[in-house]
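Printed here is start17.pdb (PDB, C-alpha atoms and all ligand atoms):
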```
MODEL        1
ATOM      1  CA  MET B   1      71.810 120.861  91.647
ATOM      2  CA  LEU B   2      73.576 122.596  94.519
ATOM      3  CA  SER B   3      72.243 122.155  98.025
ATOM      4  CA  GLU B   4      71.550 125.117 100.251
ATOM      5  CA  ALA B   5      74.694 124.235 102.274
ATOM      6  CA  GLU B   6      76.805 124.311  99.109
ATOM      7  CA  ARG B   7      75.329 127.642  98.003
ATOM      8  CA  GLN B   8      76.046 129.029 101.460
ATOM      9  CA  ALA B   9      79.664 127.755 101.380
ATOM     10  CA  ILE B  10      80.201 129.344  97.961
ATOM     11  CA  ALA B  11      78.705 132.660  99.067
ATOM     12  CA  GLU B  12      81.022 132.643 102.099
ATOM     13  CA  GLU B  13      84.047 132.096  99.862
ATOM     14  CA  ARG B  14      82.942 134.996  97.656
ATOM     15  CA  GLU B  15      82.840 137.212 100.752
ATOM     16  CA  ARG B  16      86.251 136.039 101.945
ATOM     17  CA  TRP B  17      88.295 136.637  98.771
ATOM     18  CA  ALA B  18      88.874 139.910  96.947
ATOM     19  CA  ASP B  19      89.784 138.055  93.748
ATOM     20  CA  PRO B  20      86.783 136.119  92.404
ATOM     21  CA  ARG B  21      89.112 133.550  90.831
ATOM     22  CA  ALA B  22      90.519 132.694  94.273
ATOM     23  CA  ALA B  23      86.958 132.407  95.556
ATOM     24  CA  GLY B  24      86.267 130.195  92.536
ATOM     25  CA  VAL B  25      88.910 127.647  93.526
ATOM     26  CA  GLU B  26      87.531 127.412  97.052
ATOM     27  CA  ALA B  27      83.940 127.303  95.803
ATOM     28  CA  LEU B  28      84.742 124.404  93.470
ATOM     29  CA  LYS B  29      86.525 122.591  96.291
ATOM     30  CA  ALA B  30      83.403 123.022  98.436
ATOM     31  CA  VAL B  31      81.232 121.532  95.682
ATOM     32  CA  GLN B  32      83.670 118.660  95.237
ATOM     33  CA  GLU B  33      83.701 117.973  98.948
ATOM     34  CA  HIS B  34      79.933 117.538  98.896
ATOM     35  CA  GLN B  35      79.474 115.790  95.537
ATOM     36  CA  GLY B  36      82.822 114.088  94.897
ATOM     37  CA  TRP B  37      83.293 115.924  91.577
ATOM     38  CA  VAL B  38      82.097 119.065  89.757
ATOM     39  CA  SER B  39      79.506 118.550  87.018
ATOM     40  CA  ASP B  40      78.769 121.157  84.311
ATOM     41  CA  GLU B  41      75.485 121.891  86.044
ATOM     42  CA  ALA B  42      77.124 122.415  89.452
ATOM     43  CA  LEU B  43      79.813 124.601  87.891
ATOM     44  CA  ALA B  44      77.200 126.797  86.201
ATOM     45  CA  GLU B  45      75.274 127.202  89.465
ATOM     46  CA  ALA B  46      78.460 127.983  91.393
ATOM     47  CA  ALA B  47      79.361 130.638  88.796
ATOM     48  CA  GLU B  48      75.922 132.198  89.289
ATOM     49  CA  VAL B  49      76.387 132.363  93.083
ATOM     50  CA  LEU B  50      79.870 133.834  92.615
ATOM     51  CA  GLY B  51      78.644 136.343  90.034
ATOM     52  CA  MET B  52      81.273 135.088  87.582
ATOM     53  CA  PRO B  53      80.942 134.071  83.923
ATOM     54  CA  VAL B  54      80.684 130.271  83.600
ATOM     55  CA  ALA B  55      83.607 130.218  81.132
ATOM     56  CA  GLU B  56      85.852 132.008  83.617
ATOM     57  CA  LEU B  57      85.030 129.561  86.411
ATOM     58  CA  ASP B  58      85.544 126.680  83.992
ATOM     59  CA  GLY B  59      88.988 128.143  83.254
ATOM     60  CA  VAL B  60      89.761 128.130  86.987
ATOM     61  CA  ALA B  61      88.646 124.482  87.203
ATOM     62  CA  THR B  62      90.792 123.523  84.211
ATOM     63  CA  PHE B  63      93.860 125.264  85.623
ATOM     64  CA  TYR B  64      93.523 123.669  89.040
ATOM     65  CA  ASN B  65      94.085 119.972  88.445
ATOM     66  CA  LEU B  66      92.689 118.805  91.786
ATOM     67  CA  ILE B  67      89.196 119.750  90.688
ATOM     68  CA  PHE B  68      87.588 116.698  89.119
ATOM     69  CA  ARG B  69      85.275 117.435  86.185
ATOM     70  CA  LYS B  70      84.227 113.813  85.741
ATOM     71  CA  PRO B  71      82.922 111.327  88.318
ATOM     72  CA  VAL B  72      85.748 109.640  90.225
ATOM     73  CA  GLY B  73      86.076 106.508  92.336
ATOM     74  CA  ARG B  74      85.775 106.339  96.124
ATOM     75  CA  HIS B  75      89.539 106.808  96.315
ATOM     76  CA  VAL B  76      91.567 109.017  93.998
ATOM     77  CA  ILE B  77      95.225 108.136  93.517
ATOM     78  CA  LEU B  78      97.291 110.986  92.108
ATOM     79  CA  VAL B  79     100.621 109.732  90.794
ATOM     80  CA  CYS B  80     103.492 112.175  90.599
ATOM     81  CA  ASP B  81     104.729 112.256  87.023
ATOM     82  CA  SER B  82     107.777 114.515  87.375
ATOM     83  CA  VAL B  83     111.519 114.286  87.288
ATOM     84  CA  SER B  84     112.545 113.519  90.897
ATOM     85  CA  CYS B  85     110.089 110.656  91.003
ATOM     86  CA  TRP B  86     111.172 109.367  87.588
ATOM     87  CA  LEU B  87     114.747 109.178  88.865
ATOM     88  CA  VAL B  88     113.879 106.850  91.733
ATOM     89  CA  GLY B  89     111.458 104.396  90.182
ATOM     90  CA  GLN B  90     108.203 106.158  89.272
ATOM     91  CA  GLU B  91     107.964 104.245  86.011
ATOM     92  CA  PRO B  92     107.827 100.694  87.419
ATOM     93  CA  LEU B  93     105.598 101.954  90.237
ATOM     94  CA  TYR B  94     103.129 103.539  87.817
ATOM     95  CA  ALA B  95     103.127 100.409  85.638
ATOM     96  CA  ALA B  96     102.515  98.206  88.691
ATOM     97  CA  LEU B  97      99.650 100.420  89.846
ATOM     98  CA  GLN B  98      97.968 100.239  86.445
ATOM     99  CA  GLN B  99      98.453  96.484  86.362
ATOM    100  CA  ARG B 100      97.133  95.921  89.936
ATOM    101  CA  LEU B 101      94.072  98.108  89.328
ATOM    102  CA  GLY B 102      93.496  96.967  85.743
ATOM    103  CA  ILE B 103      93.035 100.512  84.497
ATOM    104  CA  ALA B 104      94.932 103.113  82.474
ATOM    105  CA  PRO B 105      95.685 106.653  83.702
ATOM    106  CA  GLY B 106      92.507 108.733  83.855
ATOM    107  CA  GLN B 107      90.267 105.692  84.398
ATOM    108  CA  THR B 108      88.250 104.356  87.323
ATOM    109  CA  THR B 109      88.110 100.690  88.345
ATOM    110  CA  GLU B 110      84.902  98.883  87.411
ATOM    111  CA  ASP B 111      83.912  98.547  91.068
ATOM    112  CA  GLY B 112      84.239 102.322  91.506
ATOM    113  CA  ARG B 113      86.945 101.883  94.120
ATOM    114  CA  PHE B 114      89.911 103.737  92.603
ATOM    115  CA  THR B 115      90.598 106.470  90.070
ATOM    116  CA  LEU B 116      94.169 106.877  88.831
ATOM    117  CA  LEU B 117      95.416 110.269  87.672
ATOM    118  CA  PRO B 118      98.881 111.633  86.816
ATOM    119  CA  VAL B 119      99.900 115.025  88.199
ATOM    120  CA  CYS B 120     102.975 117.237  88.178
ATOM    121  CA  CYS B 121     105.362 117.324  91.138
ATOM    122  CA  LEU B 122     103.488 116.872  94.416
ATOM    123  CA  GLY B 123     106.140 118.795  96.335
ATOM    124  CA  ARG B 124     107.254 115.590  98.086
ATOM    125  CA  CYS B 125     110.435 115.019  96.096
ATOM    126  CA  GLU B 126     112.386 114.070  99.227
ATOM    127  CA  ARG B 127     110.018 111.085  99.606
ATOM    128  CA  ALA B 128     109.936 110.158  95.918
ATOM    129  CA  PRO B 129     108.336 108.275  94.326
ATOM    130  CA  ALA B 130     105.250 109.928  95.748
ATOM    131  CA  LEU B 131     101.486 109.555  95.530
ATOM    132  CA  LEU B 132      98.568 111.507  96.907
ATOM    133  CA  ILE B 133      95.674 109.261  97.932
ATOM    134  CA  ASP B 134      92.439 111.006  98.885
ATOM    135  CA  GLY B 135      94.480 114.141  99.519
ATOM    136  CA  GLU B 136      96.984 112.413 101.824
ATOM    137  CA  PRO B 137     100.632 112.291 100.714
ATOM    138  CA  VAL B 138     102.251 108.865 100.565
ATOM    139  CA  GLY B 139     105.999 108.702  99.995
ATOM    140  CA  ASP B 140     108.723 106.147  99.282
ATOM    141  CA  VAL B 141     106.231 103.953  97.444
ATOM    142  CA  SER B 142     107.483 100.856  95.666
ATOM    143  CA  PRO B 143     105.700  98.143  93.678
ATOM    144  CA  GLU B 144     106.370  95.789  96.618
ATOM    145  CA  ARG B 145     104.460  98.074  99.007
ATOM    146  CA  LEU B 146     101.447  98.474  96.747
ATOM    147  CA  ASP B 147      99.295  95.567  97.922
ATOM    148  CA  ASP B 148      99.525  96.630 101.570
ATOM    149  CA  LEU B 149      98.915 100.235 100.641
ATOM    150  CA  LEU B 150      95.844  99.580  98.484
ATOM    151  CA  GLU B 151      94.298  97.367 101.163
ATOM    152  CA  ARG B 152      93.978 100.434 103.380
ATOM    153  CA  TYR B 153      91.407 101.874 100.937
ATOM    154  CA  PRO B 154      88.374  99.540 100.802
TER     155      PRO B 154
HETATM  156  S1  LIG Z   1     108.954 115.045  91.438
HETATM  157 FE1  LIG Z   1     107.609 113.693  92.442
HETATM  158  S2  LIG Z   1     107.089 114.712  94.273
HETATM  159 FE2  LIG Z   1     108.388 116.090  93.227
ENDMDL
END
```

Would you encode the structure as structure tokens?
Amino acid sequence: MLSEAERQAIAEERERWADPRAAGVEALKAVQEHQGWVSDEALAEAAEVLGMPVAELDGVATFYNLIFRKPVGRHVILVCDSVSCWLVGQEPLYAALQQRLGIAPGQTTEDGRFTLLPVCCLGRCERAPALLIDGEPVGDVSPERLDDLLERYP
């Protein structure tokens, strides 16, 4: 169920944007900021506040891959899975990440600490291979740097 603060944030986004789909992206981000992810129930309530059909808002959520429709860990690691990163070692990096965390792409560690998700180019090709951890870009990542990097996210 949405809190009053979330309903207010969504209503403000609806006021701000002429296109309800643009308001939808921001509304879903607001929900995610409060709840960590967007459940079916929260999406339906957000659609009601926006005055949008639920299916249309669900389409916005599906299109925008930074909206999480399942519970995620405390830290979300988005791994770039595109060509510039492949060329400079994304594959061994991705394999090392999965091995260190003991999970496959799309999964969350048993302790709820990390979720690992692949995404298209993060726009950080000059610092490839690149990750986005909790929304912060991390570049020039190598398997050797992983232990130090992961330690920063308890
Ligand atoms: S291809 Fe990886 S950041 Fe662009």

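Of note, CA of Pro143 in chain B and CA of Gly123 in chain B are spaced 20.8 Å apart.
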
- [ ] Select the residues contacting ligand LIG 1 (chain Z) at a distance of at most 10 Å, based on all atoms listed in the file, then format the selection as a ChimeraX atom specification.
- [x] /B:79-88,90,119-132,137-139

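CA of Gln8 in chain B is positioned 29.2 Å from CA of Thr115 in chain B.
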
Open item on the list: Show me, as a PyMOL selection string, the residues that have an atom within 12 Å of Gln32 in chain B when counting all atoms listed in the file, minus same-chain residues fewer than 2 positions from it.
Closed with: chain B and resi 2+6+9-10+25-30+34-39+42-43+46+61+66-72

- [ ] Measure the distance from CA of Leu149 in chain B to CA of Leu101 in chain B in Å and round it to one decimal.
- [x]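 Going from CA of Leu149 in chain B over to CA of Leu101 in chain B covers 12.5 Å.
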
Task: Using only C-alpha atoms: which of B:Glu4, B:Val141, B:Leu117, B:Arg14 has the shortest distance to Leu93 in chain B - done: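 With only C-alpha atoms as the atom set, the closest residue is B:Val141.
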
- [ ] Select, from B:Asp140, B:Leu78, B:Ala55, B:Gln98, the residue with the minimum atom-to-atom distance to Pro118 in chain B, counting only C-alpha atoms.
- [x] B:Leu78

TODO: Please determine the residues with any atom at most 8 Å from (75.6, 132.1, 94.8) (coordinates as given in the file, with all atoms listed in the file counting) and report them as JSON, numbers by chain.
DONE: {"B": [7, 8, 10, 11, 45, 46, 47, 48, 49, 50, 51]}

Put those residues in a file: C-alpha atoms, as a tab-separated table (two decimals), in the frame of the given file.
```
chain	number	residue	atom	x	y	z
B	7	ARG	CA	75.33	127.64	98.00
B	8	GLN	CA	76.05	129.03	101.46
B	10	ILE	CA	80.20	129.34	97.96
B	11	ALA	CA	78.70	132.66	99.07
B	45	GLU	CA	75.27	127.20	89.46
B	46	ALA	CA	78.46	127.98	91.39
B	47	ALA	CA	79.36	130.64	88.80
B	48	GLU	CA	75.92	132.20	89.29
B	49	VAL	CA	76.39	132.36	93.08
B	50	LEU	CA	79.87	133.83	92.62
B	51	GLY	CA	78.64	136.34	90.03
```

Task: Chain and number of each residue from the PyMOL selection byres (((chain B and resi 111) around 12) and not hetatm), as a PyMOL selection string - done: chain B and resi 72-75+101-103+107-110+112-115+154

Please save C-alpha atoms of the selected residues as a CSV table (one decimal), keeping the file's coordinate frame.
```csv
chain,number,residue,atom,x,y,z
B,72,VAL,CA,85.7,109.6,90.2
B,73,GLY,CA,86.1,106.5,92.3
B,74,ARG,CA,85.8,106.3,96.1
B,75,HIS,CA,89.5,106.8,96.3
B,101,LEU,CA,94.1,98.1,89.3
B,102,GLY,CA,93.5,97.0,85.7
B,103,ILE,CA,93.0,100.5,84.5
B,107,GLN,CA,90.3,105.7,84.4
B,108,THR,CA,88.2,104.4,87.3
B,109,THR,CA,88.1,100.7,88.3
B,110,GLU,CA,84.9,98.9,87.4
B,112,GLY,CA,84.2,102.3,91.5
B,113,ARG,CA,86.9,101.9,94.1
B,114,PHE,CA,89.9,103.7,92.6
B,115,THR,CA,90.6,106.5,90.1
B,154,PRO,CA,88.4,99.5,100.8
```

Please return the centre and edge lengths, in Å to one decimal, of a box with edges along x, y and z that contains all listed atoms of range 26-35 of chain B, widened by 5 Å on every side, as AutoDock Vina command-line options.
```
--center_x 83.5 --center_y 121.6 --center_z 96.2 --size_x 18.1 --size_y 21.6 --size_z 15.5
```

Open item on the list: Considering all atoms listed in the file, can you say which of B:Ser142, B:Phe63, B:Val76, B:Pro53 comes closest to Ala95 in chain B?
Closed with: B:Ser142
